[in-house]
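Raw upload35.tsv, TSV, C-alpha atoms and all ligand atoms:
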```
chain	number	residue	atom	x	y	z
A	257	MET	CA	0.00	0.00	0.00
A	258	ILE	CA	1.29	3.47	-0.87
A	259	VAL	CA	0.91	5.81	2.09
A	260	ASP	CA	1.45	9.53	2.00
A	261	ILE	CA	2.17	11.10	5.38
A	262	ARG	CA	1.31	14.50	3.93
A	263	GLN	CA	-2.35	13.45	3.81
A	264	TRP	CA	-2.50	12.47	7.47
A	265	LYS	CA	-4.46	14.79	9.74
A	266	HIS	CA	-5.31	12.32	12.49
A	267	VAL	CA	-3.40	9.29	13.67
A	268	PHE	CA	-4.11	6.80	16.45
A	269	LYS	CA	-1.00	5.46	18.20
A	270	LEU	CA	-1.45	1.93	19.54
A	271	ASP	CA	0.98	0.58	22.10
A	272	PRO	CA	1.85	-3.13	21.67
A	273	ASP	CA	2.60	-3.24	25.41
A	274	LYS	CA	-1.02	-2.43	26.27
A	275	ASN	CA	-4.11	-4.60	25.99
A	276	ILE	CA	-6.88	-3.72	23.60
A	277	SER	CA	-9.99	-5.84	23.04
A	278	ASP	CA	-11.05	-6.96	19.55
A	279	ASP	CA	-14.12	-4.76	19.80
A	280	ALA	CA	-12.10	-1.67	20.74
A	281	LEU	CA	-9.58	-2.37	17.99
A	282	ASP	CA	-12.41	-2.73	15.49
A	283	GLN	CA	-13.76	0.69	16.44
A	284	ILE	CA	-10.31	2.31	16.25
A	285	CYS	CA	-9.52	0.78	12.85
A	286	MET	CA	-12.96	1.70	11.44
A	287	SER	CA	-12.95	5.20	12.95
A	288	GLY	CA	-11.86	7.12	9.86
A	289	THR	CA	-8.40	7.90	11.22
A	290	ASP	CA	-5.74	8.32	8.55
A	291	CYS	CA	-3.29	5.79	9.96
A	292	ILE	CA	-2.65	3.46	12.87
A	293	LEU	CA	0.81	4.06	14.25
A	294	VAL	CA	2.20	1.21	16.31
A	295	GLY	CA	4.68	2.33	18.94
A	296	GLY	CA	5.55	3.07	22.52
A	297	SER	CA	8.64	3.85	24.51
A	298	THR	CA	8.83	0.85	26.86
A	299	GLY	CA	7.93	-2.86	26.84
A	300	ILE	CA	7.90	-3.16	23.05
A	301	THR	CA	8.93	-6.61	21.82
A	302	PHE	CA	8.98	-8.42	18.49
A	303	ASP	CA	6.17	-10.71	19.66
A	304	ASN	CA	3.76	-8.07	20.96
A	305	THR	CA	4.39	-5.98	17.80
A	306	VAL	CA	3.72	-8.92	15.44
A	307	ASP	CA	0.54	-9.78	17.35
A	308	LEU	CA	-0.81	-6.26	17.09
A	309	LEU	CA	0.12	-5.94	13.40
A	310	ALA	CA	-1.68	-9.19	12.57
A	311	ARG	CA	-4.83	-7.93	14.27
A	312	ILE	CA	-4.73	-4.52	12.56
A	313	ARG	CA	-4.16	-6.17	9.17
A	314	GLN	CA	-7.74	-7.44	9.22
A	315	TYR	CA	-8.65	-3.86	8.32
A	316	GLU	CA	-7.87	-1.65	5.35
A	317	VAL	CA	-6.53	1.28	7.38
A	318	PRO	CA	-2.84	2.08	6.71
A	319	CYS	CA	-0.52	0.88	9.45
A	320	ALA	CA	2.96	2.21	10.25
A	321	LEU	CA	5.56	1.13	12.78
A	322	GLU	CA	7.25	3.81	14.84
A	323	VAL	CA	10.48	1.99	15.61
A	324	SER	CA	11.55	2.39	19.22
A	325	ASN	CA	13.45	-0.81	19.81
A	326	ARG	CA	15.85	-2.66	17.49
A	327	GLU	CA	14.59	-6.03	18.72
A	328	ALA	CA	11.08	-5.14	17.57
A	329	ILE	CA	11.60	-4.26	13.91
A	330	VAL	CA	8.82	-6.28	12.31
A	331	PRO	CA	8.38	-6.55	8.52
A	332	GLY	CA	4.97	-6.03	6.92
A	333	PHE	CA	4.06	-2.49	7.90
A	334	ASP	CA	3.15	0.05	5.20
A	335	LEU	CA	5.74	2.49	6.52
A	336	PHE	CA	8.50	2.69	9.13
A	337	LEU	CA	8.81	5.91	11.11
A	338	ILE	CA	12.19	6.42	12.72
A	339	PRO	CA	12.37	8.78	15.72
A	340	VAL	CA	15.48	10.92	16.17
A	341	VAL	CA	15.29	12.75	19.50
A	342	LEU	CA	16.82	16.10	18.65
A	343	ASN	CA	16.82	17.33	22.26
A	344	SER	CA	18.31	14.17	23.73
A	345	LEU	CA	21.51	14.68	25.71
A	346	ASP	CA	22.58	11.15	24.79
A	347	PRO	CA	23.78	10.47	21.22
A	348	GLU	CA	22.38	6.96	21.58
A	349	TRP	CA	18.90	8.34	20.77
A	350	ILE	CA	20.05	10.69	18.01
A	351	VAL	CA	22.27	8.38	15.96
A	352	GLY	CA	23.49	5.50	18.19
A	353	GLN	CA	20.55	3.10	17.96
A	354	HIS	CA	20.11	4.03	14.32
A	355	HIS	CA	23.74	3.28	13.51
A	356	GLU	CA	23.43	-0.17	15.12
A	357	ALA	CA	20.15	-0.88	13.28
A	358	LEU	CA	21.64	0.08	9.92
A	359	LYS	CA	24.48	-2.40	10.40
A	360	GLU	CA	21.77	-5.05	10.28
A	361	TYR	CA	19.14	-3.61	7.94
A	362	GLY	CA	20.99	-0.94	5.94
A	363	ALA	CA	21.62	-3.05	2.83
A	364	ILE	CA	18.19	-4.67	2.64
A	365	LEU	CA	15.69	-2.06	3.57
A	366	ASN	CA	13.40	-0.31	1.14
A	367	TRP	CA	14.17	3.36	1.71
A	368	ASN	CA	10.84	4.39	0.18
A	369	GLU	CA	9.20	2.91	3.26
A	370	VAL	CA	11.37	4.76	5.76
A	371	VAL	CA	10.50	8.21	7.13
A	372	THR	CA	12.55	10.11	9.70
A	373	GLU	CA	10.87	12.01	12.53
A	374	GLY	CA	12.72	14.87	14.22
A	375	TYR	CA	11.35	14.53	17.76
A	376	VAL	CA	11.37	17.32	20.31
A	377	ILE	CA	10.17	15.90	23.64
A	378	LEU	CA	8.65	18.61	25.80
A	379	ASN	CA	7.02	16.80	28.73
A	380	ARG	CA	9.73	15.96	31.23
A	381	ASP	CA	7.42	13.44	32.95
A	382	ALA	CA	6.97	11.30	29.81
A	383	SER	CA	8.73	7.93	29.85
A	384	ALA	CA	10.24	8.80	26.47
A	385	ALA	CA	11.84	11.89	28.07
A	386	SER	CA	13.56	9.93	30.81
A	387	LEU	CA	14.53	7.06	28.51
A	388	THR	CA	16.21	9.39	26.04
A	389	LYS	CA	17.54	11.91	28.60
A	390	ALA	CA	15.75	14.70	26.78
A	391	ASN	CA	16.42	18.28	27.78
A	392	THR	CA	12.84	19.45	28.09
A	393	GLU	CA	13.69	22.90	29.51
A	394	LEU	CA	13.27	24.62	26.17
A	395	ASP	CA	11.81	27.99	25.23
A	396	LEU	CA	10.17	28.89	21.92
A	397	LYS	CA	13.50	29.94	20.40
A	398	ASP	CA	15.04	26.57	21.25
A	399	VAL	CA	12.11	24.65	19.80
A	400	ILE	CA	12.11	26.69	16.61
A	401	ALA	CA	15.84	26.12	16.20
A	402	TYR	CA	15.30	22.36	16.55
A	403	ALA	CA	12.45	22.54	14.05
A	404	ARG	CA	14.68	24.35	11.53
A	405	LEU	CA	17.43	21.87	12.18
A	406	ALA	CA	15.05	19.07	11.23
A	407	ASP	CA	13.34	20.85	8.33
A	408	LYS	CA	16.16	22.76	6.65
A	409	LEU	CA	19.47	21.31	7.83
A	410	PHE	CA	18.61	17.61	7.93
A	411	ARG	CA	15.58	17.73	5.61
A	412	MET	CA	13.53	15.47	7.81
A	413	PRO	CA	9.94	15.06	6.57
A	414	ILE	CA	8.41	15.21	10.07
A	415	VAL	CA	8.95	17.47	13.08
A	416	TYR	CA	7.22	15.83	16.05
A	417	LEU	CA	6.40	17.96	19.10
A	418	GLU	CA	5.89	15.32	21.77
A	419	TYR	CA	4.07	16.04	25.02
A	420	SER	CA	3.08	12.39	25.56
A	421	GLY	CA	0.71	12.24	28.56
A	422	ARG	CA	0.04	15.99	28.80
A	423	PHE	CA	-1.71	18.55	26.60
A	424	GLY	CA	0.92	20.99	25.39
A	425	ASP	CA	1.36	24.65	24.57
A	426	MET	CA	-0.69	25.23	21.40
A	427	GLU	CA	0.81	28.67	20.81
A	428	LEU	CA	4.26	27.07	20.67
A	429	VAL	CA	2.94	24.40	18.31
A	430	ARG	CA	1.34	27.00	16.05
A	431	ARG	CA	4.47	29.15	15.93
A	432	THR	CA	6.64	26.14	15.20
A	433	LYS	CA	4.42	25.05	12.34
A	434	ALA	CA	4.59	28.56	10.91
A	435	ILE	CA	8.36	28.40	10.31
A	436	LEU	CA	8.39	25.00	8.59
A	437	ASP	CA	8.82	24.97	4.82
A	438	ASP	CA	8.72	21.30	3.90
A	439	ALA	CA	8.43	19.20	7.03
A	440	ARG	CA	5.05	18.32	8.45
A	441	LEU	CA	4.35	19.17	12.05
A	442	PHE	CA	3.11	16.26	14.13
A	443	TYR	CA	1.70	17.05	17.54
A	444	GLY	CA	1.04	14.42	20.22
A	445	GLY	CA	0.16	14.59	23.89
A	446	GLY	CA	-2.92	14.66	26.07
A	447	ILE	CA	-5.57	14.86	23.35
A	448	ASP	CA	-8.53	13.35	25.19
A	449	SER	CA	-11.55	15.18	23.78
A	450	LEU	CA	-12.94	16.52	20.53
A	451	GLU	CA	-12.23	20.08	21.72
A	452	LYS	CA	-8.56	19.38	22.31
A	453	ALA	CA	-8.34	17.53	18.99
A	454	GLN	CA	-9.83	20.57	17.27
A	455	GLU	CA	-7.44	22.95	18.99
A	456	ALA	CA	-4.38	20.83	18.24
A	457	ALA	CA	-5.50	20.25	14.65
A	458	LEU	CA	-5.63	24.00	14.09
A	459	ALA	CA	-2.07	24.36	15.39
A	460	ALA	CA	-0.39	21.32	13.81
A	461	ASP	CA	-0.57	19.43	10.52
A	462	THR	CA	-1.14	16.01	12.06
A	463	ILE	CA	-2.44	15.13	15.51
A	464	VAL	CA	-1.53	11.90	17.28
A	465	VAL	CA	-3.87	10.37	19.84
A	466	GLY	CA	-2.56	7.64	22.16
A	467	ASN	CA	-3.30	7.16	25.86
A	468	VAL	CA	-7.00	8.04	25.80
A	469	ILE	CA	-7.65	4.96	23.64
A	470	TYR	CA	-6.89	2.92	26.75
A	471	SER	CA	-8.58	5.13	29.32
A	472	ASP	CA	-11.78	6.20	27.51
A	473	LEU	CA	-12.44	4.69	24.09
A	474	LYS	CA	-15.54	6.79	23.45
A	475	LEU	CA	-13.63	10.04	23.92
A	476	ALA	CA	-10.78	8.67	21.80
A	477	LEU	CA	-13.16	7.97	18.92
A	478	GLN	CA	-14.55	11.50	19.10
A	479	THR	CA	-11.10	12.98	18.40
A	480	VAL	CA	-11.43	11.91	14.76
A	481	ASN	CA	-14.39	14.22	14.24
A	482	PHE	CA	-12.73	17.63	14.25
A	483	ASP	CA	-13.58	20.06	11.52
A	484	ARG	CA	-11.01	19.63	8.74
A	485	THR	CA	-12.31	22.45	6.57
A	486	GLY	CA	-10.97	25.46	8.46
A	487	ARG	CA	-7.31	24.76	7.67
B	501	LIG	C1	13.06	-6.09	7.07
B	501	LIG	C2	12.54	-4.84	7.64
B	501	LIG	C3	11.61	-4.93	8.72
B	501	LIG	C4	12.97	-3.69	7.19
B	501	LIG	C5	12.73	-2.40	7.82
B	501	LIG	C6	13.85	-2.08	8.67
B	501	LIG	C7	13.92	-0.70	9.15
B	501	LIG	C8	12.79	0.23	9.00
B	501	LIG	C9	15.03	-0.32	9.74
B	501	LIG	C10	15.18	1.00	10.31
B	501	LIG	C11	16.58	1.25	10.67
B	501	LIG	C12	16.67	2.25	11.77
B	501	LIG	C13	17.42	3.48	11.46
B	501	LIG	C14	16.10	1.99	12.97
B	501	LIG	C15	16.13	2.85	14.18
B	501	LIG	C16	16.30	2.00	15.41
B	501	LIG	C17	15.97	2.67	16.72
B	501	LIG	C18	15.69	1.76	17.84
B	501	LIG	C19	16.00	3.99	16.88
B	501	LIG	C20	15.73	4.69	18.17
B	501	LIG	C21	14.40	5.34	18.22
B	501	LIG	C22	14.21	6.13	19.50
B	501	LIG	C23	14.83	7.46	19.58
B	501	LIG	C24	13.51	5.62	20.54
B	501	LIG	C25	13.34	6.26	21.84
B	501	LIG	C26	11.90	6.28	22.36
B	501	LIG	C27	10.99	7.09	21.49
B	501	LIG	C28	11.30	8.50	21.17
B	501	LIG	C29	9.93	6.49	20.99
B	501	LIG	C30	8.97	7.17	20.08
B	501	LIG	C31	7.59	6.84	20.45
B	501	LIG	C32	7.07	7.46	21.69
B	501	LIG	C33	7.60	8.70	22.22
B	501	LIG	C34	6.08	6.84	22.26
B	501	LIG	C35	5.44	7.29	23.53
B	501	LIG	O1	5.50	6.21	24.27
B	501	LIG	P1	4.54	5.96	25.49
B	501	LIG	O2	4.79	4.57	25.93
B	501	LIG	O3	3.15	6.32	25.14
B	501	LIG	O4	5.12	6.96	26.51
B	501	LIG	P2	4.45	7.60	27.75
B	501	LIG	O5	4.32	6.50	28.75
B	501	LIG	O6	5.40	8.67	28.17
B	501	LIG	O7	3.11	8.15	27.36
B	502	LIG	O1	-0.52	9.27	24.51
B	502	LIG	P1	-0.82	10.71	24.25
B	502	LIG	O2	-0.66	11.60	25.43
B	502	LIG	O3	-2.12	10.88	23.54
B	502	LIG	O4	0.32	11.19	23.20
B	502	LIG	C1	0.30	10.66	21.91
B	502	LIG	C2	1.68	10.44	21.36
B	502	LIG	O5	2.31	11.62	21.03
B	502	LIG	C3	2.56	9.61	22.24
B	502	LIG	O6	3.75	9.33	21.58
B	503	MG	MG	1.38	6.35	25.49
```

For the file at hand, write its structure as structure tokens.
Ligand SMILES: CC(C)=CCC/C(C)=C/CC/C(C)=C/CC/C(C)=C/CC/C(C)=C/CC/C(C)=C/CC/C(C)=C/COP(=O)(O)OP(=O)(O)O
Ligand SMILES: O=P(O)(O)OC[C@@H](O)CO
Ligand SMILES: [Mg+2]
Amino acid sequence: MIVDIRQWKHVFKLDPDKNISDDALDQICMSGTDCILVGGSTGITFDNTVDLLARIRQYEVPCALEVSNREAIVPGFDLFLIPVVLNSLDPEWIVGQHHEALKEYGAILNWNEVVTEGYVILNRDASAASLTKANTELDLKDVIAYARLADKLFRMPIVYLEYSGRFGDMELVRRTKAILDDARLFYGGGIDSLEKAQEAALAADTIVVGNVIYSDLKLALQTVNFDRTGR
């Protein structure tokens, strides 16, 4: 399947380390979201990723893997999204893991299926922030410089402002999107209602909805229904 990230406005992120019933998965996959992104920062294994992929593949919705663990690179996804944590203080999460993975997969992978994400993690309480030793004490100028670094210097197709677990600063998101020329701005964190989805969708290009799927499925499903015409 050919998938174009530039068409995505709404994405559900499913965590292979969390349980989801068949009925809930059915509703997520049939919700009208643009893509199911499979990923998480901890507890991701080859087995739980394969299991989730097999279940999602019963549906027509595009399905991408956000690679967070070299042991859990599973073939068969439509696309592979590769996070690079630009504000990590540890090179392991900027190039280290990637370097190791390319020793194994570099010669065989289909580069048309690989998309790099320039992550800026802004919630210091997120597990991804502690795992990657992200410097989350950033002001607007810092974030914009990281966004330009991703967009102009490294020509990454995605800048991802990550507040995982908390709803972020929409003014910062809006101002970051405004300086991007080519990259798409992904926003994720704390979207747990239609109102927040609407607000985030006005500020970013693509909104990512994760945790609320597991805490309140009904509210999660409502996030798909924001007005797409005003942008
Ligand atoms: C044959 C075949 C399968 C071919 C394809 C092979 C392929 C695509 C190879 C890619 C090669 C490559 C360069 C791989 C990169 C390897 C890798 C492990 C990179 C590191 C990625 C990284 C920086 C991970 C750190 C964690 C992170 C930023 C994860 C992103 C997702 C995220 C933030 C999820 C939030 O998680 P959650 O659990 O919800 O967190 P909270 O609890 O805080 O909410
Ligand atoms: O889980 P939430 O807080 O919705 O965040 C979504 C996503 O950005 C996590 O990587
Ligand atoms: Mg999560």

request  = Go through the chains and note each residue within 6 Å of ligand LIG 501 (chain B), using only C-alpha atoms and all ligand atoms, then give the set as a VMD selection string.
outcome  = chain A and resid 295 to 298 323 to 326 329 to 331 336 338 to 341 349 353 to 354 357 to 358 361 365 370 382 to 384 388 420 to 421

Just write the chosen residues, C-alpha atoms, as a PDB file, keeping the file's coordinate frame.
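The result, written out as out_16.pdb:
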```pdb
ATOM      1  CA  GLY A 295       4.680   2.330  18.940  1.00  0.00           C
ATOM      2  CA  GLY A 296       5.550   3.070  22.520  1.00  0.00           C
ATOM      3  CA  SER A 297       8.640   3.850  24.510  1.00  0.00           C
ATOM      4  CA  THR A 298       8.830   0.850  26.860  1.00  0.00           C
ATOM      5  CA  VAL A 323      10.480   1.990  15.610  1.00  0.00           C
ATOM      6  CA  SER A 324      11.550   2.390  19.220  1.00  0.00           C
ATOM      7  CA  ASN A 325      13.450  -0.810  19.810  1.00  0.00           C
ATOM      8  CA  ARG A 326      15.850  -2.660  17.490  1.00  0.00           C
ATOM      9  CA  ILE A 329      11.600  -4.260  13.910  1.00  0.00           C
ATOM     10  CA  VAL A 330       8.820  -6.280  12.310  1.00  0.00           C
ATOM     11  CA  PRO A 331       8.380  -6.550   8.520  1.00  0.00           C
ATOM     12  CA  PHE A 336       8.500   2.690   9.130  1.00  0.00           C
ATOM     13  CA  ILE A 338      12.190   6.420  12.720  1.00  0.00           C
ATOM     14  CA  PRO A 339      12.370   8.780  15.720  1.00  0.00           C
ATOM     15  CA  VAL A 340      15.480  10.920  16.170  1.00  0.00           C
ATOM     16  CA  VAL A 341      15.290  12.750  19.500  1.00  0.00           C
ATOM     17  CA  TRP A 349      18.900   8.340  20.770  1.00  0.00           C
ATOM     18  CA  GLN A 353      20.550   3.100  17.960  1.00  0.00           C
ATOM     19  CA  HIS A 354      20.110   4.030  14.320  1.00  0.00           C
ATOM     20  CA  ALA A 357      20.150  -0.880  13.280  1.00  0.00           C
ATOM     21  CA  LEU A 358      21.640   0.080   9.920  1.00  0.00           C
ATOM     22  CA  TYR A 361      19.140  -3.610   7.940  1.00  0.00           C
ATOM     23  CA  LEU A 365      15.690  -2.060   3.570  1.00  0.00           C
ATOM     24  CA  VAL A 370      11.370   4.760   5.760  1.00  0.00           C
ATOM     25  CA  ALA A 382       6.970  11.300  29.810  1.00  0.00           C
ATOM     26  CA  SER A 383       8.730   7.930  29.850  1.00  0.00           C
ATOM     27  CA  ALA A 384      10.240   8.800  26.470  1.00  0.00           C
ATOM     28  CA  THR A 388      16.210   9.390  26.040  1.00  0.00           C
ATOM     29  CA  SER A 420       3.080  12.390  25.560  1.00  0.00           C
ATOM     30  CA  GLY A 421       0.710  12.240  28.560  1.00  0.00           C
TER      31      GLY A 421
END
```

Mind checking which residues fall within 12 Å of A:Tyr416, counting only C-alpha atoms, ignoring those fewer than 3 positions away in the same chain, and posting them as a compact mmCIF listing (two decimals) with C-alpha atoms, keeping the file's coordinate frame?
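Result file result.txt:
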```txt
# COMPACT_ATOMS: atom_id res chain seq x y z
CA LEU A 337 8.81 5.91 11.11
CA ILE A 338 12.19 6.42 12.72
CA PRO A 339 12.37 8.78 15.72
CA VAL A 340 15.48 10.92 16.17
CA VAL A 341 15.29 12.75 19.50
CA LEU A 342 16.82 16.10 18.65
CA ASN A 343 16.82 17.33 22.26
CA THR A 372 12.55 10.11 9.70
CA GLU A 373 10.87 12.01 12.53
CA GLY A 374 12.72 14.87 14.22
CA TYR A 375 11.35 14.53 17.76
CA VAL A 376 11.37 17.32 20.31
CA ILE A 377 10.17 15.90 23.64
CA LEU A 378 8.65 18.61 25.80
CA VAL A 399 12.11 24.65 19.80
CA ILE A 400 12.11 26.69 16.61
CA TYR A 402 15.30 22.36 16.55
CA ALA A 403 12.45 22.54 14.05
CA ALA A 406 15.05 19.07 11.23
CA ASP A 407 13.34 20.85 8.33
CA MET A 412 13.53 15.47 7.81
CA PRO A 413 9.94 15.06 6.57
CA TYR A 419 4.07 16.04 25.02
CA SER A 420 3.08 12.39 25.56
CA VAL A 429 2.94 24.40 18.31
CA THR A 432 6.64 26.14 15.20
CA LYS A 433 4.42 25.05 12.34
CA LEU A 436 8.39 25.00 8.59
CA ALA A 439 8.43 19.20 7.03
CA ARG A 440 5.05 18.32 8.45
CA LEU A 441 4.35 19.17 12.05
CA PHE A 442 3.11 16.26 14.13
CA TYR A 443 1.70 17.05 17.54
CA GLY A 444 1.04 14.42 20.22
CA GLY A 445 0.16 14.59 23.89
CA ALA A 460 -0.39 21.32 13.81
CA ASP A 461 -0.57 19.43 10.52
CA THR A 462 -1.14 16.01 12.06
CA ILE A 463 -2.44 15.13 15.51
CA VAL A 464 -1.53 11.90 17.28
```

For A:Ala456, the nearest of the candidates A:Val480, A:Leu396, A:Val371, A:Val306, counting only C-alpha atoms =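 Nearest to A:Ala456: A:Val480.
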
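Minimum atom-to-atom distance to ligand MG 503 (chain B), evaluated using only C-alpha atoms and all ligand atoms, belongs to A:Asn467 out of A:Ser449, A:Asn467, A:Thr301, A:Gln454.
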
Coordinates-based distance that separates atom CA of A:Asp438 from atom CA of A:Glu455 (Å, one decimal) = 22.2 Å

Interatomic distance, atom CA of A:Ala280 to atom CA of A:Val465 (Å, one decimal) =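 The value is 14.6 Å.
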
request  = Can you work out the spacing between atom C2 of ligand LIG 502 (chain B) and atom CA of A:Ala453 in Å, to one decimal?
outcome  =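 For atom C2 of ligand LIG 502 (chain B) relative to atom CA of A:Ala453, the distance reads 12.5 Å.
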
task = Skip stretch 311-319 of chain A itself and residues of its chain fewer than 3 positions away, then list as number ranges by chain all residues within 10 Å of it, counting only C-alpha atoms.
result = A: 257-260, 267-269, 278, 281-282, 284-294, 306-308, 322, 332-336

ask   = Between A:Phe482, A:Phe302, A:Tyr470, A:Phe410, which has the minimum distance to ligand LIG 502 (chain B) (counting only C-alpha atoms and all ligand atoms)?
value = A:Tyr470

ask   = For ligand LIG 502 (chain B), which residue out of A:Glu427, A:Arg411, A:Asn368, A:Asp271 is the nearest one, using all atoms listed in the file?
value = A:Asp271

query = Taking into account only C-alpha atoms and all ligand atoms, which residue in the set A:Ser277, A:Asn304, A:Asn366, A:Asn379 is nearest to ligand LIG 502 (chain B)?
reply = A:Asn379

request  = Could you check which of A:Leu345, A:His266, A:Gly352, A:Asp279 is closest to ligand LIG 502 (chain B), using all atoms listed in the file?
outcome  =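 For ligand LIG 502 (chain B), the nearest of the given residues is A:His266.
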